[in-house]
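Source file: coords24.cif (mmCIF, C-alpha atoms and all ligand atoms)
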data_start
#
loop_
_atom_site.group_PDB
_atom_site.id
_atom_site.type_symbol
_atom_site.label_atom_id
_atom_site.label_comp_id
_atom_site.auth_asym_id
_atom_site.auth_seq_id
_atom_site.Cartn_x
_atom_site.Cartn_y
_atom_site.Cartn_z
ATOM 1 C CA MET C 1 0.000 0.000 0.000
ATOM 2 C CA GLY C 2 1.463 3.348 -1.051
ATOM 3 C CA ARG C 3 1.794 6.314 1.252
ATOM 4 C CA THR C 4 -0.549 9.263 1.290
ATOM 5 C CA LEU C 5 1.710 12.200 0.609
ATOM 6 C CA LYS C 6 1.007 15.632 1.969
ATOM 7 C CA PHE C 7 2.204 18.512 -0.195
ATOM 8 C CA ASN C 8 2.522 21.974 1.335
ATOM 9 C CA ILE C 9 2.753 24.283 -1.641
ATOM 10 C CA PHE C 10 3.489 28.001 -1.699
ATOM 11 C CA ARG C 11 0.752 30.013 -3.405
ATOM 12 C CA PHE C 12 0.894 33.609 -4.508
ATOM 13 C CA ASN C 13 0.033 35.410 -7.708
ATOM 14 C CA PRO C 14 1.806 38.793 -7.827
ATOM 15 C CA GLU C 15 -0.410 39.790 -10.778
ATOM 16 C CA ASP C 16 -3.584 39.440 -8.685
ATOM 17 C CA PRO C 17 -4.109 42.223 -6.115
ATOM 18 C CA ALA C 18 -6.454 39.940 -4.157
ATOM 19 C CA SER C 19 -3.870 37.149 -3.886
ATOM 20 C CA VAL C 20 -2.406 36.482 -0.442
ATOM 21 C CA ALA C 21 0.850 34.567 0.076
ATOM 22 C CA ARG C 22 0.054 31.275 1.799
ATOM 23 C CA MET C 23 0.848 27.545 1.946
ATOM 24 C CA ASP C 24 -1.878 25.249 0.538
ATOM 25 C CA PRO C 25 -2.062 21.576 1.532
ATOM 26 C CA PHE C 26 -2.729 18.858 -1.067
ATOM 27 C CA TYR C 27 -2.953 15.089 -0.538
ATOM 28 C CA LEU C 28 -2.022 12.440 -3.072
ATOM 29 C CA GLU C 29 -1.670 8.651 -3.112
ATOM 30 C CA GLU C 30 1.927 7.817 -3.939
ATOM 31 C CA THR C 31 2.470 5.587 -6.965
ATOM 32 C CA GLU C 32 5.535 3.651 -8.009
ATOM 33 C CA ALA C 33 8.293 5.777 -9.573
ATOM 34 C CA MET C 34 6.313 8.946 -8.866
ATOM 35 C CA THR C 35 8.332 12.115 -9.467
ATOM 36 C CA LEU C 36 7.430 15.615 -8.345
ATOM 37 C CA PHE C 37 6.657 16.314 -11.996
ATOM 38 C CA ILE C 38 3.992 13.591 -11.951
ATOM 39 C CA ALA C 39 2.692 14.635 -8.537
ATOM 40 C CA LEU C 40 2.335 18.306 -9.439
ATOM 41 C CA ASN C 41 0.572 17.486 -12.700
ATOM 42 C CA LEU C 42 -1.871 15.183 -10.874
ATOM 43 C CA ILE C 43 -2.598 17.925 -8.359
ATOM 44 C CA ARG C 44 -3.168 20.444 -11.118
ATOM 45 C CA GLU C 45 -5.329 18.079 -13.190
ATOM 46 C CA ASN C 46 -7.470 16.729 -10.354
ATOM 47 C CA GLN C 47 -7.395 19.223 -7.515
ATOM 48 C CA ASP C 48 -6.435 22.770 -8.502
ATOM 49 C CA PRO C 49 -6.094 23.872 -12.139
ATOM 50 C CA THR C 50 -4.736 27.272 -11.036
ATOM 51 C CA LEU C 51 -1.509 25.830 -9.586
ATOM 52 C CA MET C 52 1.496 27.387 -11.368
ATOM 53 C CA PHE C 53 4.791 25.558 -11.932
ATOM 54 C CA ASP C 54 7.279 25.194 -14.802
ATOM 55 C CA PHE C 55 8.322 22.104 -16.728
ATOM 56 C CA MET C 56 9.618 21.592 -20.253
ATOM 57 C CA CYS C 57 11.852 18.589 -20.832
ATOM 58 C CA ARG C 58 10.974 16.372 -17.821
ATOM 59 C CA ALA C 59 14.496 14.961 -18.162
ATOM 60 C CA GLY C 60 16.824 17.250 -16.197
ATOM 61 C CA ILE C 61 17.917 19.084 -19.340
ATOM 62 C CA CYS C 62 16.050 22.390 -19.649
ATOM 63 C CA GLY C 63 16.523 23.635 -16.062
ATOM 64 C CA SER C 64 13.032 25.113 -15.820
ATOM 65 C CA CYS C 65 11.601 23.015 -12.966
ATOM 66 C CA ALA C 66 13.989 24.004 -10.164
ATOM 67 C CA MET C 67 12.291 24.768 -6.847
ATOM 68 C CA LEU C 68 12.926 24.464 -3.119
ATOM 69 C CA ILE C 69 12.067 20.894 -2.170
ATOM 70 C CA ASN C 70 11.911 20.594 1.599
ATOM 71 C CA GLY C 71 14.219 23.599 1.737
ATOM 72 C CA ARG C 72 16.770 22.385 -0.794
ATOM 73 C CA PRO C 73 17.015 23.674 -4.380
ATOM 74 C CA ASP C 74 16.628 20.828 -6.869
ATOM 75 C CA LEU C 75 14.938 19.820 -10.106
ATOM 76 C CA ALA C 76 11.377 18.634 -9.543
ATOM 77 C CA CYS C 77 11.375 16.430 -12.641
ATOM 78 C CA HIS C 78 14.206 14.225 -11.457
ATOM 79 C CA THR C 79 13.160 14.088 -7.792
ATOM 80 C CA LYS C 80 11.358 10.887 -6.868
ATOM 81 C CA THR C 81 8.821 11.056 -4.045
ATOM 82 C CA LYS C 82 10.166 7.770 -2.638
ATOM 83 C CA ASP C 83 13.346 9.663 -1.719
ATOM 84 C CA LEU C 84 11.366 12.223 0.290
ATOM 85 C CA PRO C 85 9.439 12.029 3.574
ATOM 86 C CA GLY C 86 5.629 11.880 3.395
ATOM 87 C CA ASP C 87 5.386 15.590 4.146
ATOM 88 C CA ILE C 88 6.743 17.597 1.205
ATOM 89 C CA THR C 89 7.099 21.368 1.231
ATOM 90 C CA LEU C 90 7.544 23.117 -2.107
ATOM 91 C CA LEU C 91 8.572 26.764 -2.441
ATOM 92 C CA PRO C 92 9.732 28.819 -5.422
ATOM 93 C CA LEU C 93 13.462 29.510 -5.750
ATOM 94 C CA PRO C 94 14.506 32.666 -3.892
ATOM 95 C CA ILE C 95 16.529 35.438 -5.637
ATOM 96 C CA PHE C 96 14.611 35.182 -8.931
ATOM 97 C CA LYS C 97 11.499 37.197 -9.716
ATOM 98 C CA LEU C 98 8.338 35.331 -8.767
ATOM 99 C CA ILE C 99 5.898 34.745 -11.607
ATOM 100 C CA GLY C 100 3.402 32.835 -9.473
ATOM 101 C CA ASP C 101 3.284 29.911 -7.005
ATOM 102 C CA LEU C 102 6.349 27.743 -7.843
ATOM 103 C CA CYS C 103 7.162 29.580 -11.050
ATOM 104 C CA VAL C 104 10.104 32.025 -11.201
ATOM 105 C CA ASP C 105 11.730 34.034 -13.978
ATOM 106 C CA THR C 106 15.262 32.640 -14.224
ATOM 107 C CA GLY C 107 15.548 33.752 -17.871
ATOM 108 C CA THR C 108 15.929 37.471 -17.170
ATOM 109 C CA TRP C 109 18.526 36.803 -14.457
ATOM 110 C CA PHE C 110 20.568 34.472 -16.659
ATOM 111 C CA ARG C 111 20.413 36.797 -19.650
ATOM 112 C CA ALA C 112 21.782 39.640 -17.507
ATOM 113 C CA MET C 113 24.477 37.333 -16.106
ATOM 114 C CA ASN C 114 25.543 36.193 -19.578
ATOM 115 C CA GLU C 115 25.752 39.783 -20.794
ATOM 116 C CA ARG C 116 27.708 40.782 -17.680
ATOM 117 C CA VAL C 117 30.366 38.097 -18.142
ATOM 118 C CA GLY C 118 30.479 38.485 -21.953
ATOM 119 C CA SER C 119 29.374 34.903 -22.408
ATOM 120 C CA TRP C 120 30.635 34.319 -25.933
ATOM 121 C CA VAL C 121 34.017 33.685 -27.580
ATOM 122 C CA HIS C 122 35.763 37.053 -27.950
ATOM 123 C CA THR C 123 37.925 36.848 -31.036
ATOM 124 C CA SER C 124 39.299 39.316 -33.568
ATOM 125 C CA LYS C 125 39.196 36.649 -36.311
ATOM 126 C CA THR C 126 36.568 37.071 -39.000
ATOM 127 C CA PHE C 127 34.364 34.048 -39.521
ATOM 128 C CA ASP C 128 34.860 32.450 -42.901
ATOM 129 C CA PRO C 129 32.236 29.757 -43.625
ATOM 130 C CA GLN C 130 34.442 28.338 -46.424
ATOM 131 C CA GLU C 131 37.341 27.578 -44.112
ATOM 132 C CA GLU C 132 37.842 24.236 -42.426
ATOM 133 C CA GLU C 133 36.932 24.075 -38.751
ATOM 134 C CA GLU C 134 39.856 24.716 -36.425
ATOM 135 C CA ARG C 135 40.845 21.583 -34.582
ATOM 136 C CA MET C 136 40.918 21.508 -30.802
ATOM 137 C CA ASP C 137 42.721 19.069 -28.566
ATOM 138 C CA ASN C 138 40.208 16.392 -27.480
ATOM 139 C CA ALA C 139 41.073 16.620 -23.784
ATOM 140 C CA LEU C 140 40.605 20.389 -23.818
ATOM 141 C CA ALA C 141 37.336 20.119 -25.756
ATOM 142 C CA GLU C 142 36.064 17.710 -23.106
ATOM 143 C CA GLN C 143 37.165 20.056 -20.324
ATOM 144 C CA ILE C 144 35.197 22.896 -21.945
ATOM 145 C CA TYR C 145 32.211 20.637 -22.540
ATOM 146 C CA GLU C 146 32.211 19.680 -18.853
ATOM 147 C CA LEU C 147 31.663 23.343 -17.934
ATOM 148 C CA GLU C 148 29.192 23.874 -20.786
ATOM 149 C CA ARG C 149 26.820 21.383 -19.165
ATOM 150 C CA CYS C 150 25.236 24.104 -17.005
ATOM 151 C CA ILE C 151 21.476 24.074 -17.673
ATOM 152 C CA GLU C 152 20.897 27.485 -16.032
ATOM 153 C CA CYS C 153 18.476 26.023 -13.506
ATOM 154 C CA GLY C 154 19.426 28.516 -10.779
ATOM 155 C CA CYS C 155 19.853 25.931 -7.984
ATOM 156 C CA CYS C 156 23.405 27.096 -7.212
ATOM 157 C CA VAL C 157 22.248 30.720 -7.037
ATOM 158 C CA ALA C 158 19.333 29.882 -4.748
ATOM 159 C CA ALA C 159 21.634 27.892 -2.441
ATOM 160 C CA CYS C 160 24.274 30.617 -2.281
ATOM 161 C CA GLY C 161 24.529 32.434 1.057
ATOM 162 C CA LYS C 162 26.135 35.486 -0.534
ATOM 163 C CA ALA C 163 23.564 35.718 -3.350
ATOM 164 C CA ASN C 164 20.812 35.598 -0.727
ATOM 165 C CA MET C 165 22.494 38.468 1.144
ATOM 166 C CA VAL C 166 22.989 40.665 -1.956
ATOM 167 C CA PRO C 167 20.564 39.254 -4.521
ATOM 168 C CA GLU C 168 20.792 42.212 -6.910
ATOM 169 C CA ASN C 169 24.541 42.128 -7.456
ATOM 170 C CA PHE C 170 26.368 38.926 -6.536
ATOM 171 C CA MET C 171 27.343 37.029 -9.676
ATOM 172 C CA GLY C 172 27.152 33.500 -8.295
ATOM 173 C CA ALA C 173 28.832 30.218 -9.105
ATOM 174 C CA THR C 174 27.135 29.795 -12.476
ATOM 175 C CA ALA C 175 28.768 33.058 -13.657
ATOM 176 C CA PHE C 176 32.165 32.009 -12.274
ATOM 177 C CA ASN C 177 31.836 28.683 -14.059
ATOM 178 C CA ARG C 178 30.961 30.523 -17.264
ATOM 179 C CA ILE C 179 34.031 32.764 -17.016
ATOM 180 C CA VAL C 180 36.376 29.827 -16.478
ATOM 181 C CA ARG C 181 34.793 28.113 -19.487
ATOM 182 C CA PHE C 182 35.988 31.020 -21.691
ATOM 183 C CA MET C 183 39.310 31.416 -19.868
ATOM 184 C CA ILE C 184 40.366 27.914 -20.854
ATOM 185 C CA ASP C 185 39.092 28.284 -24.423
ATOM 186 C CA PRO C 186 42.118 29.120 -26.622
ATOM 187 C CA ARG C 187 39.859 30.836 -29.172
ATOM 188 C CA ASP C 188 38.916 33.530 -26.662
ATOM 189 C CA GLU C 189 41.445 36.363 -26.780
ATOM 190 C CA ARG C 190 40.520 38.006 -23.474
ATOM 191 C CA LYS C 191 43.360 38.408 -20.982
ATOM 192 C CA ASN C 192 43.076 37.812 -17.237
ATOM 193 C CA ASP C 193 43.156 41.569 -16.644
ATOM 194 C CA GLU C 194 39.963 41.910 -18.695
ATOM 195 C CA TYR C 195 38.233 39.205 -16.669
ATOM 196 C CA PHE C 196 39.488 40.972 -13.543
ATOM 197 C CA GLU C 197 37.475 44.060 -14.512
ATOM 198 C CA VAL C 198 34.328 41.912 -14.535
ATOM 199 C CA VAL C 199 34.810 39.496 -11.669
ATOM 200 C CA GLY C 200 37.714 40.774 -9.532
ATOM 201 C CA ASN C 201 35.538 42.477 -6.931
ATOM 202 C CA GLU C 202 33.196 41.869 -3.987
ATOM 203 C CA ASP C 203 30.215 41.195 -6.287
ATOM 204 C CA GLY C 204 32.415 38.673 -8.046
ATOM 205 C CA ILE C 205 34.885 36.063 -6.881
ATOM 206 C CA PHE C 206 36.252 38.074 -3.923
ATOM 207 C CA GLY C 207 32.763 38.193 -2.396
ATOM 208 C CA CYS C 208 32.361 34.421 -2.538
ATOM 209 C CA LEU C 209 32.140 32.913 0.962
ATOM 210 C CA GLY C 210 33.562 29.577 -0.175
ATOM 211 C CA LEU C 211 31.049 27.393 1.690
ATOM 212 C CA LEU C 212 30.105 25.574 -1.526
ATOM 213 C CA GLY C 213 26.337 25.392 -1.207
ATOM 214 C CA CYS C 214 26.542 25.852 -4.978
ATOM 215 C CA GLU C 215 28.472 22.674 -5.668
ATOM 216 C CA ASP C 216 26.406 20.689 -3.141
ATOM 217 C CA THR C 217 23.151 21.509 -4.925
ATOM 218 C CA CYS C 218 24.145 21.531 -8.605
ATOM 219 C CA PRO C 219 21.922 18.829 -10.166
ATOM 220 C CA LYS C 220 24.381 18.404 -13.056
ATOM 221 C CA ASN C 221 27.312 17.801 -10.682
ATOM 222 C CA ILE C 222 29.418 20.470 -12.318
ATOM 223 C CA PRO C 223 32.722 20.662 -10.399
ATOM 224 C CA LEU C 224 32.105 24.244 -9.264
ATOM 225 C CA GLN C 225 34.628 24.100 -6.418
ATOM 226 C CA ASP C 226 37.496 23.611 -8.873
ATOM 227 C CA GLN C 227 36.338 26.524 -11.043
ATOM 228 C CA LEU C 228 35.923 28.836 -8.045
ATOM 229 C CA GLY C 229 39.400 27.894 -6.824
ATOM 230 C CA MET C 230 40.994 28.489 -10.216
ATOM 231 C CA LEU C 231 39.230 31.819 -10.683
ATOM 232 C CA ARG C 232 40.177 32.974 -7.183
ATOM 233 C CA ARG C 233 43.843 32.142 -7.821
ATOM 234 C CA LYS C 234 43.947 33.874 -11.208
ATOM 235 C CA MET C 235 42.079 36.942 -10.031
ATOM 236 C CA GLY C 236 44.186 37.105 -6.853
ATOM 237 C CA PHE C 237 47.262 37.226 -9.058
ATOM 238 C CA SER C 238 45.707 39.956 -11.207
ATOM 239 C CA GLN C 239 44.880 41.916 -8.078
ATOM 240 C CA VAL C 240 48.508 41.801 -6.943
ATOM 241 C CA LYS C 241 49.555 43.008 -10.406
ATOM 242 C CA HIS C 242 47.049 45.867 -10.188
ATOM 243 C CA LEU C 243 48.515 46.811 -6.824
ATOM 244 C CA PHE C 244 52.084 46.807 -8.135
ATOM 245 C CA ARG C 245 51.010 48.698 -11.219
ATOM 246 C CA ALA C 246 49.663 51.440 -8.989
ATOM 247 C CA LEU C 247 53.011 51.595 -7.175
ATOM 248 C CA LEU C 248 55.506 51.043 -10.018
ATOM 249 C CA PRO C 249 55.908 52.447 -13.541
ATOM 250 C CA ALA C 250 53.443 50.555 -15.778
ATOM 251 C CA LYS C 251 56.035 49.390 -18.321
ATOM 252 C CA ARG C 252 57.841 47.238 -15.741
ATOM 253 C CA ILE C 253 54.827 44.973 -15.234
ATOM 254 C CA ALA C 254 53.795 42.396 -17.828
ATOM 255 C CA LYS C 255 50.153 42.413 -18.942
HETATM 256 S S1 LIG F 1 30.989 29.004 -2.535
HETATM 257 FE FE1 LIG F 1 30.650 31.111 -3.260
HETATM 258 S S2 LIG F 1 29.335 30.920 -5.073
HETATM 259 FE FE2 LIG F 1 29.256 28.934 -3.983
HETATM 260 S S3 LIG F 1 27.459 29.077 -2.636
HETATM 261 FE FE3 LIG F 1 29.200 29.789 -1.412
HETATM 262 S S4 LIG F 1 29.289 32.028 -1.705
HETATM 263 FE FE4 LIG F 1 27.956 31.175 -3.325
HETATM 264 S S1 LIG F 2 25.953 25.480 -12.281
HETATM 265 FE FE1 LIG F 2 24.592 23.738 -11.822
HETATM 266 S S2 LIG F 2 23.163 24.522 -10.298
HETATM 267 FE FE2 LIG F 2 24.128 26.283 -11.232
HETATM 268 S S3 LIG F 2 22.738 26.921 -12.840
HETATM 269 FE FE3 LIG F 2 24.263 25.541 -13.775
HETATM 270 S S4 LIG F 2 23.374 23.500 -13.658
HETATM 271 FE FE4 LIG F 2 22.153 24.790 -12.299
HETATM 272 S S1 LIG F 3 11.598 19.907 -16.703
HETATM 273 FE FE1 LIG F 3 13.509 20.308 -17.686
HETATM 274 S S2 LIG F 3 14.941 20.110 -16.086
HETATM 275 FE FE2 LIG F 3 13.066 19.555 -15.163
#
So that I can check it, write out the structure of this file as structure tokens.
Amino acid sequence: MGRTLKFNIFRFNPEDPASVARMDPFYLEETEAMTLFIALNLIRENQDPTLMFDFMCRAGICGSCAMLINGRPDLACHTKTKDLPGDITLLPLPIFKLIGDLCVDTGTWFRAMNERVGSWVHTSKTFDPQEEEERMDNALAEQIYELERCIECGCCVAACGKANMVPENFMGATAFNRIVRFMIDPRDERKNDEYFEVVGNEDGIFGCLGLLGCEDTCPKNIPLQDQLGMLRRKMGFSQVKHLFRALLPAKRIAK
């Protein structure tokens, strides 16, 4: 006999002046291999058609279904109810703008982040479609691909103590990961000093508390700790150079 699950779900529609923020209870018979995706759809179909939540791929690929599941950011589509207690509390991710109930606008945040870090290959070469593709060392291509796996779900941002303290400004682990992805890409001509202008400050890597809530919650297991460490080292070095440059004639310090 399956369990009867109790769902406590955050409800609020910022578009409706009459809406009041509250937690609504819903009850559901657990079935085998039930995921939160299945559970939420059953609740919406059979109990409350106004319940708002996001899903697209149902396969941990699109990043749209992230929410706080019993206080922890995770993807609802790959979370099985059997791995949770019978009492399940669902809240929208913090930091991001609330659209309604469990639905948040991660897109605007990620677009701004990508623009802030210049999230594209910066090259002076002109693209020639007739030319053969440039070859890249396989090991390096795999290293870049590893960091490219970010699905922009926002779990690392929601779990980040610093981002929760300064939600408007702190860049977060996903941005640091993005910067390292371009740093190791030989096609990108940006120098460390240019990255320093973007991320060498308290809203960037020097504001990171280093407690690694980001890595602990990343559903794609991206090795964020390694990227944060590498970025901190490189930007620390750039900071020392900036300091010396302020004290010594500029020509004596290599770029
Ligand atoms: S280690 Fe840095 S980026 Fe990661 S959760 Fe902590 S403060 Fe945020
Ligand atoms: S780094 Fe991980 S947790 Fe953060 S947005 Fe990307 S996939 Fe989600
Ligand atoms: S629905 Fe796409 S990651 Fe969950």
Grab all the atoms of ligand LIG 3 (chain F) that the file lists, wrap them in a box along x, y and z, add 5 Å per side, and give me centre plus edge lengths in Å (one decimal) as JSON.
{"center_x": 13.3, "center_y": 19.9, "center_z": -16.4, "size_x": 13.3, "size_y": 10.8, "size_z": 12.5}
Suppose a student applies the PyMOL selection byres (((not hetatm)) within 10 of (chain F and resi 3)) to this structure; what residues should they get, written as JSON, numbers by chain?
{"C": [36, 37, 54, 55, 56, 57, 58, 59, 60, 61, 62, 63, 64, 65, 66, 67, 74, 75, 76, 77, 78, 79, 151, 152, 153, 219]}
Can you tell me which residues surround Met113 of chain C at a distance of at most 10 Å, considering all atoms listed in the file, apart from same-chain residues fewer than 3 positions away, and format the answer as a PyMOL selection string?
chain C and resi 107-110+116-119+169-172+174-175+178
Expected answer as an mmCIF file with C-alpha atoms, in the frame of the given file: residues within 12 Å of ligand LIG 1 (chain F), only C-alpha atoms and all ligand atoms:
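out_35.cif, written as the output of this step:
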data_model
loop_
_atom_site.group_PDB
_atom_site.id
_atom_site.type_symbol
_atom_site.label_atom_id
_atom_site.label_comp_id
_atom_site.auth_asym_id
_atom_site.auth_seq_id
_atom_site.Cartn_x
_atom_site.Cartn_y
_atom_site.Cartn_z
ATOM 1 C CA PRO C 73 17.015 23.674 -4.380
ATOM 2 C CA GLY C 154 19.426 28.516 -10.779
ATOM 3 C CA CYS C 155 19.853 25.931 -7.984
ATOM 4 C CA CYS C 156 23.405 27.096 -7.212
ATOM 5 C CA VAL C 157 22.248 30.720 -7.037
ATOM 6 C CA ALA C 158 19.333 29.882 -4.748
ATOM 7 C CA ALA C 159 21.634 27.892 -2.441
ATOM 8 C CA CYS C 160 24.274 30.617 -2.281
ATOM 9 C CA GLY C 161 24.529 32.434 1.057
ATOM 10 C CA LYS C 162 26.135 35.486 -0.534
ATOM 11 C CA ALA C 163 23.564 35.718 -3.350
ATOM 12 C CA ASN C 164 20.812 35.598 -0.727
ATOM 13 C CA MET C 165 22.494 38.468 1.144
ATOM 14 C CA VAL C 166 22.989 40.665 -1.956
ATOM 15 C CA PRO C 167 20.564 39.254 -4.521
ATOM 16 C CA PHE C 170 26.368 38.926 -6.536
ATOM 17 C CA MET C 171 27.343 37.029 -9.676
ATOM 18 C CA GLY C 172 27.152 33.500 -8.295
ATOM 19 C CA ALA C 173 28.832 30.218 -9.105
ATOM 20 C CA THR C 174 27.135 29.795 -12.476
ATOM 21 C CA ALA C 175 28.768 33.058 -13.657
ATOM 22 C CA PHE C 176 32.165 32.009 -12.274
ATOM 23 C CA ASN C 177 31.836 28.683 -14.059
ATOM 24 C CA GLU C 202 33.196 41.869 -3.987
ATOM 25 C CA ASP C 203 30.215 41.195 -6.287
ATOM 26 C CA GLY C 204 32.415 38.673 -8.046
ATOM 27 C CA ILE C 205 34.885 36.063 -6.881
ATOM 28 C CA PHE C 206 36.252 38.074 -3.923
ATOM 29 C CA GLY C 207 32.763 38.193 -2.396
ATOM 30 C CA CYS C 208 32.361 34.421 -2.538
ATOM 31 C CA LEU C 209 32.140 32.913 0.962
ATOM 32 C CA GLY C 210 33.562 29.577 -0.175
ATOM 33 C CA LEU C 211 31.049 27.393 1.690
ATOM 34 C CA LEU C 212 30.105 25.574 -1.526
ATOM 35 C CA GLY C 213 26.337 25.392 -1.207
ATOM 36 C CA CYS C 214 26.542 25.852 -4.978
ATOM 37 C CA GLU C 215 28.472 22.674 -5.668
ATOM 38 C CA ASP C 216 26.406 20.689 -3.141
ATOM 39 C CA THR C 217 23.151 21.509 -4.925
ATOM 40 C CA CYS C 218 24.145 21.531 -8.605
ATOM 41 C CA ILE C 222 29.418 20.470 -12.318
ATOM 42 C CA PRO C 223 32.722 20.662 -10.399
ATOM 43 C CA LEU C 224 32.105 24.244 -9.264
ATOM 44 C CA GLN C 225 34.628 24.100 -6.418
ATOM 45 C CA ASP C 226 37.496 23.611 -8.873
ATOM 46 C CA GLN C 227 36.338 26.524 -11.043
ATOM 47 C CA LEU C 228 35.923 28.836 -8.045
ATOM 48 C CA GLY C 229 39.400 27.894 -6.824
ATOM 49 C CA LEU C 231 39.230 31.819 -10.683
ATOM 50 C CA ARG C 232 40.177 32.974 -7.183
#
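Of the listed residues C:Leu98, C:Met235, C:Met230, C:Met34, the one whose atoms come nearest to Val198 of chain C is C:Met235, with distances taken using all atoms listed in the file.
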Name every residue that the PyMOL selection byres (((chain C and resi 184-191) around 10) and not hetatm) selects in this structure, writing the answer as a ChimeraX atom specification with chains first and numbers rising.
/C:120-125,134,136,140-141,143-144,179-183,192-196,255
Picked residues, the PyMOL selection byres (((chain C and resi 25) around 7) and not hetatm), expected as a PyMOL selection string
chain C and resi 6-9+23-24+26-27
Residue with smallest distance to ligand LIG 2 (chain F) - pool C:Ile88, C:Leu93, C:Ile38, C:Leu5, counting all atoms listed in the file
C:Leu93
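Between Ala33 of chain C and the candidates C:Cys103, C:Asn201, C:Gly2, C:Glu115, the tightest atom-to-atom separation, counting all atoms listed in the file, involves C:Gly2.
For the pair atom CA of Phe10 of chain C and atom CA of Thr31 of chain C, the separation is 23.0 Å.
Residue nearest ligand LIG 2 (chain F), chosen from C:Arg135, C:Arg149, C:Arg245, C:Lys97 and counting all atoms listed in the file: C:Arg149.
Atom CA of Asp101 of chain C sits 6.4 Å away from atom CA of Asn13 of chain C.
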Quick one: distance from atom CA of Ala21 of chain C to atom CA of Met52 of chain C in Å, one decimal?
13.5 Å
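Considering only C-alpha atoms and all ligand atoms, the residue among C:Gln130, C:Ala246, C:Arg72, C:Lys80 positioned nearest to ligand LIG 2 (chain F) is C:Arg72.
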Of the candidates C:Leu90, C:Ala18, C:Cys150, C:Ala39, which one gets nearest to ligand LIG 2 (chain F) if we count all atoms listed in the file?
C:Cys150
